[in-house]
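Text of upload.tsv, listed as TSV, C-alpha atoms:
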chain	number	residue	atom	x	y	z
F	25	MET	CA	-24.57	-1.44	-21.05
F	26	GLU	CA	-22.54	-3.82	-18.86
F	27	SER	CA	-24.25	-4.73	-15.57
F	28	TYR	CA	-22.27	-3.78	-12.46
F	29	GLY	CA	-24.40	-6.15	-10.38
F	30	LEU	CA	-23.52	-9.08	-12.63
F	31	ILE	CA	-19.80	-8.21	-12.35
F	32	LEU	CA	-20.04	-8.40	-8.54
F	33	LYS	CA	-22.02	-11.64	-8.57
F	34	ASN	CA	-19.72	-13.36	-11.09
F	35	ALA	CA	-16.61	-12.30	-9.13
F	36	ARG	CA	-18.06	-13.65	-5.87
F	37	GLU	CA	-19.10	-16.96	-7.46
F	38	ALA	CA	-15.70	-17.30	-9.17
F	39	LYS	CA	-14.10	-17.17	-5.70
F	40	GLU	CA	-16.69	-19.71	-4.47
F	41	LEU	CA	-17.94	-17.37	-1.74
F	42	ASP	CA	-21.47	-17.34	-0.37
F	43	ILE	CA	-23.29	-14.20	0.72
F	44	GLU	CA	-23.12	-15.09	4.42
F	45	THR	CA	-19.30	-15.42	4.30
F	46	VAL	CA	-18.90	-12.09	2.50
F	47	ALA	CA	-21.26	-10.35	4.94
F	48	ARG	CA	-19.34	-11.69	7.91
F	49	GLU	CA	-15.89	-10.75	6.59
F	50	THR	CA	-16.79	-7.31	5.19
F	51	SER	CA	-19.33	-6.28	7.91
F	52	VAL	CA	-21.75	-5.35	5.10
F	53	SER	CA	-25.26	-6.75	5.67
F	54	ARG	CA	-26.60	-9.56	3.51
F	55	THR	CA	-29.47	-7.29	2.37
F	56	TYR	CA	-27.09	-4.66	0.95
F	57	LEU	CA	-24.87	-7.28	-0.71
F	58	LEU	CA	-27.85	-8.82	-2.52
F	59	ALA	CA	-29.16	-5.34	-3.39
F	60	MET	CA	-25.84	-4.46	-5.07
F	61	GLU	CA	-25.77	-7.71	-7.06
F	62	SER	CA	-29.38	-7.26	-8.19
F	63	GLU	CA	-28.92	-3.47	-8.73
F	64	LYS	CA	-31.76	-2.54	-6.38
F	65	GLU	CA	-30.59	0.97	-5.48
F	66	SER	CA	-33.86	1.64	-3.62
F	67	GLU	CA	-32.61	-0.57	-0.76
F	68	PHE	CA	-30.02	2.10	0.16
F	69	PRO	CA	-30.83	5.36	1.99
F	70	ASP	CA	-28.87	7.63	-0.39
F	71	GLY	CA	-26.37	7.67	-3.28
F	72	PRO	CA	-23.16	8.14	-1.22
F	73	TYR	CA	-24.01	5.04	0.82
F	74	ILE	CA	-24.18	2.72	-2.17
F	75	THR	CA	-20.91	4.04	-3.67
F	76	GLY	CA	-19.21	3.41	-0.34
F	77	PHE	CA	-20.56	-0.13	-0.11
F	78	LEU	CA	-19.63	-0.78	-3.76
F	79	ARG	CA	-16.02	0.20	-3.06
F	80	ILE	CA	-15.84	-2.08	0.02
F	81	TYR	CA	-17.33	-5.00	-1.94
F	82	CYS	CA	-15.02	-4.45	-4.95
F	83	ASP	CA	-11.88	-4.19	-2.78
F	84	TYR	CA	-12.88	-7.44	-1.02
F	85	LEU	CA	-13.40	-9.24	-4.37
F	86	ASP	CA	-10.20	-7.66	-5.77
F	87	ILE	CA	-11.91	-6.06	-8.78
F	88	ASP	CA	-11.72	-2.52	-10.20
F	89	ALA	CA	-13.92	-0.40	-7.91
F	90	ASP	CA	-13.70	2.70	-10.14
F	91	ASN	CA	-15.10	0.79	-13.12
F	92	VAL	CA	-18.00	-0.67	-11.11
F	93	ILE	CA	-18.91	2.72	-9.61
F	94	ARG	CA	-18.75	4.29	-13.09
F	95	LEU	CA	-21.23	1.68	-14.40
F	96	TYR	CA	-23.54	2.39	-11.44
F	97	GLU	CA	-23.44	6.14	-12.05
F	98	SER	CA	-24.08	5.67	-15.80
F	99	LYS	CA	-27.13	3.53	-15.03
F	100	LYS	CA	-28.38	6.11	-12.52
F	101	LEU	CA	-27.93	8.92	-15.06
F	102	GLN	CA	-29.88	7.03	-17.74
F	103	GLU	CA	-32.75	6.43	-15.34
F	104	THR	CA	-33.00	10.10	-14.30
F	105	PRO	CA	-36.09	11.69	-15.96
F	106	VAL	CA	-35.61	14.70	-18.22
F	107	PRO	CA	-36.90	17.91	-16.56
F	108	VAL	CA	-40.20	19.10	-18.00
F	109	GLN	CA	-38.73	22.54	-18.68
F	110	LEU	CA	-36.30	21.04	-21.20
F	111	LEU	CA	-39.18	19.54	-23.17
F	112	GLU	CA	-40.90	22.90	-23.72
F	113	ARG	CA	-40.49	24.18	-27.25
F	114	LYS	CA	-40.89	27.89	-26.61
F	115	ALA	CA	-38.04	29.57	-24.78
F	116	PRO	CA	-38.71	32.60	-22.54
F	117	GLY	CA	-38.37	36.02	-24.20
F	118	PHE	CA	-35.34	37.06	-22.15
F	119	ILE	CA	-33.14	34.15	-23.33
F	120	LYS	CA	-31.88	35.81	-26.53
F	121	PRO	CA	-30.79	39.12	-24.87
F	122	LEU	CA	-29.19	37.11	-22.06
F	123	ILE	CA	-27.14	35.05	-24.53
F	124	ILE	CA	-25.95	38.23	-26.28
F	125	THR	CA	-24.96	39.80	-22.96
F	126	ILE	CA	-23.05	36.71	-21.83
F	127	SER	CA	-21.24	36.53	-25.17
F	128	VAL	CA	-20.12	40.15	-24.91
F	129	LEU	CA	-18.93	39.68	-21.31
F	130	PHE	CA	-17.06	36.50	-22.28
F	131	PHE	CA	-15.31	38.34	-25.14
F	132	LEU	CA	-14.31	41.20	-22.81
F	133	ALA	CA	-13.02	38.72	-20.18
F	134	ILE	CA	-10.89	36.88	-22.76
F	135	SER	CA	-9.48	40.18	-24.04
F	136	ALA	CA	-8.60	41.33	-20.51
F	137	TRP	CA	-6.92	38.01	-19.77
F	138	LEU	CA	-4.82	38.20	-22.93
F	139	ILE	CA	-3.75	41.79	-22.23
F	140	ILE	CA	-3.10	41.50	-18.48
F	141	GLY	CA	-2.36	37.82	-17.92
F	142	VAL	CA	-0.23	37.03	-20.95
F	143	PHE	CA	1.46	40.23	-22.16
F	144	ARG	CA	1.97	42.33	-19.03
F	145	LEU	CA	2.66	39.98	-16.09
F	146	PRO	CA	6.37	39.72	-15.29
F	147	GLN	CA	8.04	36.52	-16.43
F	148	LYS	CA	9.55	36.03	-12.99
F	149	ILE	CA	6.09	35.02	-11.65
F	150	ASN	CA	5.95	32.11	-14.09
F	151	GLU	CA	9.53	31.19	-13.24
F	152	SER	CA	8.67	31.23	-9.53
F	153	LYS	CA	5.72	28.89	-10.12
F	154	ARG	CA	7.89	26.58	-12.21
F	155	GLN	CA	10.51	26.36	-9.46
F	156	LYS	CA	7.81	25.72	-6.86
F	157	ASN	CA	6.33	22.90	-8.93
F	158	MET	CA	9.76	21.37	-9.42
F	159	ALA	CA	10.40	21.53	-5.68
F	160	GLU	CA	7.09	19.81	-5.00
F	161	GLN	CA	7.76	17.12	-7.60
F	162	ASN	CA	11.34	16.30	-6.65
F	163	ARG	CA	12.04	16.42	-2.94
F	164	THR	CA	15.16	15.54	-0.96
F	165	PHE	CA	15.10	13.59	2.33
F	166	LYS	CA	18.16	13.64	4.58
F	167	VAL	CA	18.56	10.41	6.56
F	168	GLY	CA	20.55	9.92	9.76
F	169	THR	CA	20.10	7.59	12.73
F	170	GLU	CA	16.71	9.10	13.57
F	171	VAL	CA	13.84	7.35	11.75
F	172	VAL	CA	12.51	9.35	8.80
F	173	GLN	CA	8.94	8.49	7.77
F	174	ALA	CA	7.90	9.74	4.33
F	175	ARG	CA	5.82	8.99	1.25
F	176	LEU	CA	8.34	8.78	-1.57
F	177	LYS	CA	7.44	9.61	-5.17
F	178	LYS	CA	9.25	9.07	-8.44
F	179	GLY	CA	12.15	11.50	-8.76
F	180	ASP	CA	12.59	12.06	-5.01
F	181	GLN	CA	16.11	11.80	-3.62
F	182	ILE	CA	17.42	10.36	-0.35
F	183	LEU	CA	20.60	11.98	0.93
F	184	ILE	CA	22.94	9.79	3.03
F	185	PRO	CA	25.55	11.66	5.11
F	186	SER	CA	29.14	10.65	4.44
F	187	THR	CA	31.97	10.39	6.94
F	188	GLU	CA	34.16	12.19	4.39
F	189	GLY	CA	32.18	15.45	4.56
F	190	GLU	CA	29.03	16.98	3.09
F	191	ASP	CA	30.56	17.31	-0.40
F	192	LYS	CA	30.86	13.48	-0.44
F	193	ASN	CA	27.26	12.73	0.57
F	194	ILE	CA	25.66	9.70	-1.09
F	195	THR	CA	22.45	10.16	-3.12
F	196	ILE	CA	19.73	7.54	-3.66
F	197	THR	CA	17.10	8.30	-6.32
F	198	VAL	CA	13.53	6.93	-6.37
F	199	SER	CA	12.98	5.54	-9.89
F	200	ASP	CA	9.54	3.88	-9.51
F	201	THR	CA	6.70	3.65	-6.95
F	202	LEU	CA	4.00	1.75	-8.83
F	203	GLY	CA	3.55	-1.77	-7.44
F	204	LYS	CA	7.17	-1.93	-6.26
F	205	LEU	CA	9.58	0.62	-4.83
F	206	SER	CA	12.67	0.92	-7.04
F	207	LEU	CA	15.73	2.77	-5.72
F	208	SER	CA	18.77	3.71	-7.78
F	209	THR	CA	21.80	3.42	-5.45
F	210	PRO	CA	25.58	3.44	-5.88
F	211	VAL	CA	25.53	-0.36	-5.35
F	212	GLY	CA	22.86	-1.03	-7.99
F	213	ASN	CA	19.08	-0.89	-8.35
F	214	GLN	CA	17.19	-2.00	-5.21
F	215	ILE	CA	13.58	-3.22	-5.57
F	216	LEU	CA	11.29	-3.55	-2.51
F	217	GLU	CA	7.83	-5.12	-2.43
F	218	PHE	CA	5.01	-4.42	0.05
F	219	THR	CA	6.22	-4.93	3.70
F	220	ASP	CA	9.83	-5.59	2.59
F	221	ASP	CA	12.60	-4.30	4.83
F	222	ARG	CA	16.10	-3.91	3.42
F	223	LYS	CA	19.54	-3.29	4.94
F	224	ILE	CA	21.76	-1.83	2.19
F	225	ASP	CA	25.54	-1.51	2.41
F	226	ILE	CA	25.73	1.80	0.52
F	227	ASN	CA	29.53	2.27	0.51
F	228	GLY	CA	30.43	-1.43	0.39
F	229	ASP	CA	32.41	-1.55	3.63
F	230	GLY	CA	30.10	-3.98	5.43
F	231	LYS	CA	29.84	-1.67	8.43
F	232	LEU	CA	27.60	1.30	7.57
F	233	PHE	CA	24.04	0.48	6.39
F	234	PHE	CA	21.01	2.30	5.01
F	235	CYS	CA	17.87	0.62	6.44
F	236	ILE	CA	14.46	1.04	4.80
F	237	TYR	CA	11.03	-0.53	5.44
F	238	LEU	CA	8.19	-0.32	2.87
F	239	SER	CA	4.84	-0.13	4.73
F	240	ASP	CA	2.44	0.91	1.93
F	241	ILE	CA	2.36	0.91	-1.88
F	242	SER	CA	-0.33	0.46	-4.55
F	243	SER	CA	-0.16	-1.67	-7.70
F	244	LYS	CA	-3.13	0.11	-9.36
F	245	LYS	CA	-2.45	3.84	-8.94
F	246	ASP	CA	0.80	5.66	-8.24
F	247	TYR	CA	0.14	7.14	-4.80
F	248	GLY	CA	3.82	6.92	-3.88
F	249	ALA	CA	5.49	4.59	-1.38
F	250	GLU	CA	5.19	5.00	2.39
F	251	VAL	CA	8.56	4.16	4.02
F	252	ARG	CA	10.54	4.40	7.23
F	253	MET	CA	14.32	4.73	6.91
F	254	PHE	CA	17.41	5.35	9.02
F	255	MET	CA	21.18	4.74	9.15
F	256	SER	CA	22.77	1.97	11.21
F	257	ALA	CA	26.37	0.95	11.88
F	258	GLU	CA	28.13	-1.91	13.63
F	259	ASP	CA	30.53	0.62	15.15
F	260	PRO	CA	28.99	3.96	16.33
F	261	SER	CA	32.25	5.76	15.53
F	262	LEU	CA	31.66	5.07	11.84
F	263	LEU	CA	28.54	7.26	11.79
F	264	PRO	CA	28.90	10.76	10.31
F	265	SER	CA	29.32	13.57	12.85
F	266	ASN	CA	26.01	15.18	11.84
F	267	THR	CA	23.97	12.20	13.12
F	268	THR	CA	22.94	11.17	16.63
F	269	GLU	CA	24.18	8.26	18.73
F	270	ILE	CA	23.48	4.77	17.35
F	271	SER	CA	22.46	3.26	20.70
F	272	SER	CA	18.97	4.80	20.64
F	273	VAL	CA	18.32	3.42	17.15
F	274	GLU	CA	19.41	-0.12	17.93
F	275	THR	CA	17.38	-0.37	21.13
F	276	SER	CA	14.22	1.69	20.77
F	277	THR	CA	13.74	2.92	17.20
F	278	LYS	CA	14.41	-0.37	15.48
F	279	ALA	CA	12.30	-2.26	18.01
F	280	ASP	CA	9.47	0.14	17.33
F	281	ILE	CA	9.65	-0.54	13.58
F	282	LEU	CA	9.73	-4.33	13.81
F	283	ARG	CA	8.44	-5.96	17.02
F	284	ARG	CA	10.71	-8.99	17.47
F	285	THR	CA	9.91	-12.23	19.35
F	286	VAL	CA	12.59	-14.93	19.68
F	287	ILE	CA	11.28	-18.47	19.02
F	288	HIS	CA	14.38	-20.67	18.76
F	289	GLU	CA	18.16	-20.30	18.89
F	290	SER	CA	21.14	-22.31	17.64
F	291	ASN	CA	24.85	-21.94	16.87
F	292	ARG	CA	24.07	-22.35	13.14
F	293	PRO	CA	21.08	-21.73	10.81
F	294	TYR	CA	19.28	-24.57	9.02
F	295	PRO	CA	15.93	-25.09	7.21
F	296	PHE	CA	12.85	-25.06	9.43
F	297	THR	CA	9.26	-26.18	8.80
F	298	VAL	CA	6.13	-24.02	9.02
F	299	GLU	CA	2.77	-25.82	9.07
F	300	VAL	CA	-0.37	-23.69	8.62
F	301	THR	CA	-3.81	-25.13	9.40
F	302	PHE	CA	-6.97	-23.11	8.72
F	303	ARG	CA	-9.84	-23.29	11.18
F	304	GLY	CA	-11.89	-20.72	9.29
F	305	SER	CA	-12.02	-18.84	6.00
F	306	CYS	CA	-9.02	-16.60	5.32
F	307	MET	CA	-7.22	-14.82	2.48
F	308	PHE	CA	-3.59	-15.92	2.92
F	309	ARG	CA	-0.33	-14.85	1.25
F	310	ARG	CA	3.16	-16.27	1.72
F	311	LYS	CA	6.65	-15.63	0.39
F	312	VAL	CA	9.35	-18.24	1.05
F	313	ASP	CA	12.98	-17.04	0.98
F	314	PHE	CA	13.48	-15.13	-2.32
F	315	SER	CA	10.55	-16.64	-4.23
F	316	SER	CA	7.48	-14.67	-5.43
F	317	TYR	CA	4.33	-14.21	-3.35
F	318	GLU	CA	1.71	-16.98	-3.45
F	319	GLU	CA	-1.86	-16.04	-2.59
F	320	SER	CA	-5.14	-17.95	-2.24
F	321	TYR	CA	-8.40	-18.04	-0.28
F	322	TYR	CA	-8.44	-20.96	2.16
F	323	HIS	CA	-11.30	-22.65	4.03
F	324	THR	CA	-11.68	-24.64	7.25
F	325	SER	CA	-9.40	-27.72	7.61
F	326	GLU	CA	-7.15	-26.85	4.65
F	327	GLN	CA	-3.39	-27.01	5.29
F	328	ILE	CA	-0.10	-25.60	3.96
F	329	THR	CA	3.43	-26.81	4.71
F	330	GLU	CA	6.55	-24.82	3.80
F	331	ARG	CA	10.25	-25.45	4.52
F	332	PRO	CA	12.19	-22.18	4.19
F	333	ASN	CA	15.98	-22.07	4.35
F	334	ASN	CA	16.14	-18.57	5.82
F	335	SER	CA	12.78	-16.83	6.04
F	336	ILE	CA	9.05	-16.86	5.29
F	337	ARG	CA	6.72	-13.85	5.11
F	338	LEU	CA	3.03	-14.35	5.98
F	339	TRP	CA	-0.01	-12.13	5.41
F	340	MET	CA	-3.49	-13.16	6.63
F	341	SER	CA	-6.85	-11.38	6.40
F	342	ASN	CA	-8.24	-13.14	9.50
F	343	SER	CA	-5.41	-14.21	11.82
F	344	ASN	CA	-7.77	-15.91	14.27
F	345	ALA	CA	-8.62	-18.44	11.53
F	346	VAL	CA	-4.97	-19.59	11.29
F	347	ASN	CA	-2.97	-22.07	13.39
F	348	ILE	CA	0.81	-21.95	12.82
F	349	ARG	CA	3.26	-24.61	14.03
F	350	LEU	CA	7.01	-24.15	13.61
F	351	THR	CA	9.46	-27.08	13.74
F	352	ALA	CA	13.19	-26.36	14.07
F	353	ASP	CA	15.50	-29.35	14.49
F	354	THR	CA	13.52	-31.49	16.98
F	355	SER	CA	11.70	-28.62	18.68
F	356	ARG	CA	8.10	-27.66	17.93
F	357	TYR	CA	6.42	-24.33	18.66
F	358	ASP	CA	2.73	-23.40	18.36
F	359	LEU	CA	2.70	-19.71	17.48
F	360	GLU	CA	0.24	-17.25	18.96
F	361	VAL	CA	-2.77	-16.35	16.80
F	362	GLY	CA	-4.51	-12.98	16.54
F	363	ARG	CA	-8.02	-11.71	17.08
F	364	ALA	CA	-11.01	-12.55	14.90
F	365	GLY	CA	-11.02	-10.38	11.78
F	366	GLU	CA	-7.51	-9.02	12.49
F	367	VAL	CA	-5.31	-8.44	9.44
F	368	LYS	CA	-1.76	-9.47	10.23
F	369	ALA	CA	1.62	-9.55	8.45
F	370	GLU	CA	4.80	-11.03	9.91
F	371	ASP	CA	8.25	-12.39	9.09
F	372	ILE	CA	9.56	-15.65	10.54
F	373	LYS	CA	13.29	-15.82	9.88
F	374	TRP	CA	16.82	-16.52	11.07
F	375	VAL	CA	18.84	-13.54	12.36
F	376	HIS	CA	22.50	-13.46	13.35
F	377	ASP	CA	22.89	-11.54	16.62
F	378	SER	CA	25.95	-9.73	17.92
F	379	ASP	CA	26.65	-12.51	20.46
F	380	GLY	CA	27.33	-14.93	17.59
F	381	MET	CA	24.10	-16.93	18.05
F	382	TYR	CA	21.53	-17.53	15.32
F	383	ARG	CA	17.89	-17.09	16.31
F	384	ILE	CA	14.54	-17.72	14.65
F	385	VAL	CA	12.42	-14.65	15.36
F	386	ILE	CA	8.94	-13.38	14.54
F	387	MET	CA	8.86	-9.77	13.36
F	388	GLU	CA	5.41	-8.21	13.15
F	389	LEU	CA	4.99	-5.88	10.17
F	390	ASP	CA	2.69	-2.86	9.85
For this file, write the structure as structure tokens.
Amino acid sequence: MESYGLILKNAREAKELDIETVARETSVSRTYLLAMESEKESEFPDGPYITGFLRIYCDYLDIDADNVIRLYESKKLQETPVPVQLLERKAPGFIKPLIITISVLFFLAISAWLIIGVFRLPQKINESKRQKNMAEQNRTFKVGTEVVQARLKKGDQILIPSTEGEDKNITITVSDTLGKLSLSTPVGNQILEFTDDRKIDINGDGKLFFCIYLSDISSKKDYGAEVRMFMSAEDPSLLPSNTTEISSVETSTKADILRRTVIHESNRPYPFTVEVTFRGSCMFRRKVDFSSYEESYYHTSEQITERPNNSIRLWMSNSNAVNIRLTADTSRYDLEVGRAGEVKAEDIKWVHDSDGMYRIVIMELD
């Protein structure tokens, strides 16, 4: 049987991590880490503890936790001694009558179920259950200027109010929530990745927008996609009559979703430089403009330099281990770092404000 301890050890060594680094970054003691790699279950106080630590360790190493826990439970089952009673050859005298009695009762129960449950229950009960299941599977979310927070699943629908009346409402359908959120809209299929925010011109007039932010999604199991969404318009009079005033969304709601800090401003956008220097170990992801995510584990004194045209998205497992310097034109800015062990995600990008100015801003993401 495959060794779960060897899987953990090989994964750690493949990432060139030592036990002390893992213990510091996962808050799991060195003793328990070594015990899991050497499969010394006696080092743990009870079974639930080791399964919890196994899941933490697997998530940190980015390996399949369910598989590792299954190997641990199989090993534990094989090592469990067979009860002495099962080894006795002679069964007690009451076993045979008991088996006969149970068989008769089972036959009677099956007969009663067939007569009452299948042939006599009204069909409308089954129809009611079917409709309930359909309602649970495919839900509809109505979106106005108030922020709607929901976990979307495949088949769900998002209803956008129309200025032409309720019979002209626009429908968006969720077509996939595994790894990426895929939305079927009147203007084409929209695909969002983890922490993406999107402003979609649903009716193509350039004035009324459907805004959505993807805060949680899994690439391993389809748990749905956690989102926040609302309607926005350049002119409040364009909003449907069944929504609230736009001013509260633009000032408070939107600021609550993405906390914005202005770094630099100009009368035109241009490429800027982001230099990242690591002063400690850190798992770091980045996405420049419309390229794919790049991810790696960095160590002290390593550096990264990127030159985005419009935006860069950063994700760091230990923000205190990262120094970020931004250069725009001839100006340089040292960006604020976070606390030790703090997981942080943020956008650094150009935005075009209503006053006509372009600004480089930092938007912290959940």
Just how far from atom CA of F:Arg331 is atom CA of F:Gly362, in Å to one decimal?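 Computing the Euclidean distance for atom CA of F:Gly362 and atom CA of F:Arg331 yields 22.8 Å.
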As an exercise, work out the distance from atom CA of F:Asp220 to atom CA of F:Leu202 in Å and give it to one decimal place. 14.8 Å
Surrounding residues of F:Phe165 excluding itself and chain neighbours under 2 positions, 8 Å, only C-alpha atoms, as a list in words: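 Here the qualifying residues turn out to be Arg163, Val167, Asp180, Gln181, Ile182 and Leu183 of chain F.
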Please identify all polymer residues within 12 Å of F:Ile196, counting only C-alpha atoms, omitting same-chain residues fewer than 4 positions from it, and present them as a list in words.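 Surrounding residues, per the criterion: Arg163, Thr164, Phe165, Lys166, Val167, Leu176, Lys178, Gly179, Asp180, Gln181, Ile182, Leu183, Ile184, Pro185, Ser206, Leu207, Ser208, Thr209, Pro210, Val211, Gly212, Asn213, Gln214, Ile224, Ile226, Asn227, Phe234 and Ile236 of chain F.
Nearest-residue note for F:Leu78: choosing from F:Ser243, F:Thr50, F:Asn334, F:Thr324, the minimum distance belongs to F:Thr50, counting all atoms listed in the file.
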Identify which of the residues F:Thr201, F:Ser378, F:Asn333, F:Thr301 lies closest to F:Asn347, counting all atoms listed in the file when measuring atom-to-atom distances. F:Thr301
Could you give me, as JSON, numbers by chain, the residues within 9 Å of F:His288, counting all atoms listed in the file and dropping anything in the same chain fewer than 6 positions from it? {"F": [352, 355, 357, 382, 383, 384, 385]}
Stretch 248-255 of chain F: axis-aligned bounding box, 5 Å on each side, centre and edge lengths in Å, one decimal, as JSON:
{"center_x": 12.5, "center_y": 5.5, "center_z": 2.6, "size_x": 27.4, "size_y": 12.8, "size_z": 23.0}
What is the atom CA of F:Gly304 to atom CA of F:Leu58 distance in Å?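 Interatomic distance here is 23.1 Å.
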In the coordinates of the file, take the point (-21.7, -8.0, -10.8) and a cut-off of 10 Å; then, counting only C-alpha atoms, name each qualifying protein, DNA or RNA residue as a PyMOL selection string. chain F and resi 26-37+60-63+82+92
Non-local contacts of F:Phe77 (10 Å; only C-alpha atoms; under 4 positions in same chain excluded) as a list in words: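 Here the qualifying residues turn out to be Thr50, Val52, Ser53, Tyr56, Leu57, Met60, Phe68, Pro72, Tyr73, Tyr81, Cys82 and Asp83 of chain F.
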Between F:Tyr237, F:Phe302, F:Tyr247, F:Phe296, which residue has the minimum interatomic distance to F:Trp374, considering only C-alpha atoms?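 The shortest atom-to-atom distance to F:Trp374 comes from F:Phe296.
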I need the residue nearest F:Lys373 from this list: F:Val198, F:Met340, F:Glu289, F:Ser315. Use all atoms listed in the file for the distance.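 Looking at the shortest contact to F:Lys373, the residue is F:Glu289.
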